[in-house]
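In what follows, a single structure is set out as structure tokens and then discussed.
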Amino acid sequence: MLKKLAIIGFGSTMIGVGINGFILPFHLINGGIFGISLLLKYIWGFKAGITFILLNIPVYMFAYKSDPVYFFNGVIGAIISGMMIELLIPLNGTVQLPIISSVIFGAVMIGIGVGVMLRNHISPGGMDLLALLIAKWSKVNVGVIMVVIDAIIILTGLFLLKDPRLLYSLLIISIVGLLAVLITSFRSEEAFTK
């Protein structure tokens, strides 16, 4: 249990730093329910972390029925990730980088955080949990499923906000998806025995 909490703490911190330090300053989004939460923040000023936790509820109700283990791991992952996003808001605007550097740094941090959690069968929330369940049923790599879902969310954001900078978000989801695929593909023997 302590190892699981340490993994969730590390992954959530990476996600929180990546979003607040590198993604929010340019009003970009990443994928999944994180992306939807950021869209709602930009359009109506909702708190991203709280919105993230609330939007996860229906997905978790579905997960509870289909796989209680994923459900419990996911609930802890989503709540801590949502809290870290809120706690690390002061990082917004502290790092001054060109947009492309910010996108790459932010995406790498989020990708490592998400990948490490998924590798240990912990969902950082929502769409990732849905992607984990779909991957389990379909045998398609979870990272590939995430990229498809995330691309749909970003294209919707592009349509709603009409901000061409959101095209950078496609780079974010590509890097996050690639890292999730890499981290979840190279599993240790220990990961197989769990």
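FYI, nothing fancy with the structure tokens labels: chains A, B, ... in order, residues from 1 per chain, ligands from 1 as they appear.
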
Which of range 18-109 of chain A DSSP labels alpha helix (DSSP H), written as a PyMOL selection string: chain A and resi 32-44+48-66+68-87+99-109

Quick one: which range 32-144 of chain A residues come within 9 Å of range 156-173 of chain A, and what is the nearest atom pair for each with the distance in Å to one decimal, counting only C-alpha atoms, rows ordered by chain and ascending number, as a tab-separated table?
residue	atom	partner	partner_atom	distance
A:Gly35	CA	A:Gly157	CA	8.6
A:Ile36	CA	A:Gly157	CA	8.3
A:Leu39	CA	A:Gly157	CA	6.6
A:Tyr42	CA	A:Leu161	CA	8.6
A:Ile43	CA	A:Leu161	CA	7.8
A:Ile99	CA	A:Tyr168	CA	8.4
A:Ile100	CA	A:Tyr168	CA	7.7
A:Val103	CA	A:Ile172	CA	6.1
A:Ile104	CA	A:Ile172	CA	7.0
A:Gly106	CA	A:Ile172	CA	7.7
A:Ala107	CA	A:Ile172	CA	5.0
A:Val108	CA	A:Ile172	CA	8.2
A:Ile110	CA	A:Ile172	CA	8.9
A:Gly111	CA	A:Ile173	CA	8.5

With only C-alpha atoms as the basis for distance, which of A:Thr51, A:Val148, A:Met84, A:Phe34 is at the shortest distance from Gly16 in chain A?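 So, comparing all the options, the nearest one is A:Met84.
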
Go ahead and compute the interatomic distance for CA of Leu24 in chain A and CA of Asn120 in chain A, in Å to one decimal.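 Between CA of Leu24 in chain A and CA of Asn120 in chain A the gap works out to 27.4 Å.
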
Nearest to Lys4 in chain A: which of A:Ile122, A:Ile19, A:Ile57, A:Leu178 is it, counting only C-alpha atoms? A:Ile122

From the set A:Ala6, A:Ala131, A:Ile149, A:Val17, which residue has the shortest atom-to-atom contact distance to Thr94 in chain A, counting only C-alpha atoms?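 Once distances to Thr94 in chain A are computed over only C-alpha atoms, the minimum belongs to A:Val17.
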
One number please: CA of Gln96 in chain A to CA of Asn20 in chain A, in Å, one decimal.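 Separation of CA of Gln96 in chain A and CA of Asn20 in chain A: 12.3 Å.
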
Judged by only C-alpha atoms, the minimum distance to Leu179 in chain A among A:Ala63, A:Val142, A:Val95, A:Ile23 is found for A:Val142

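Reported to one decimal place, the separation of CA of Gly115 in chain A from CA of Ala48 in chain A is 21.0 Å.
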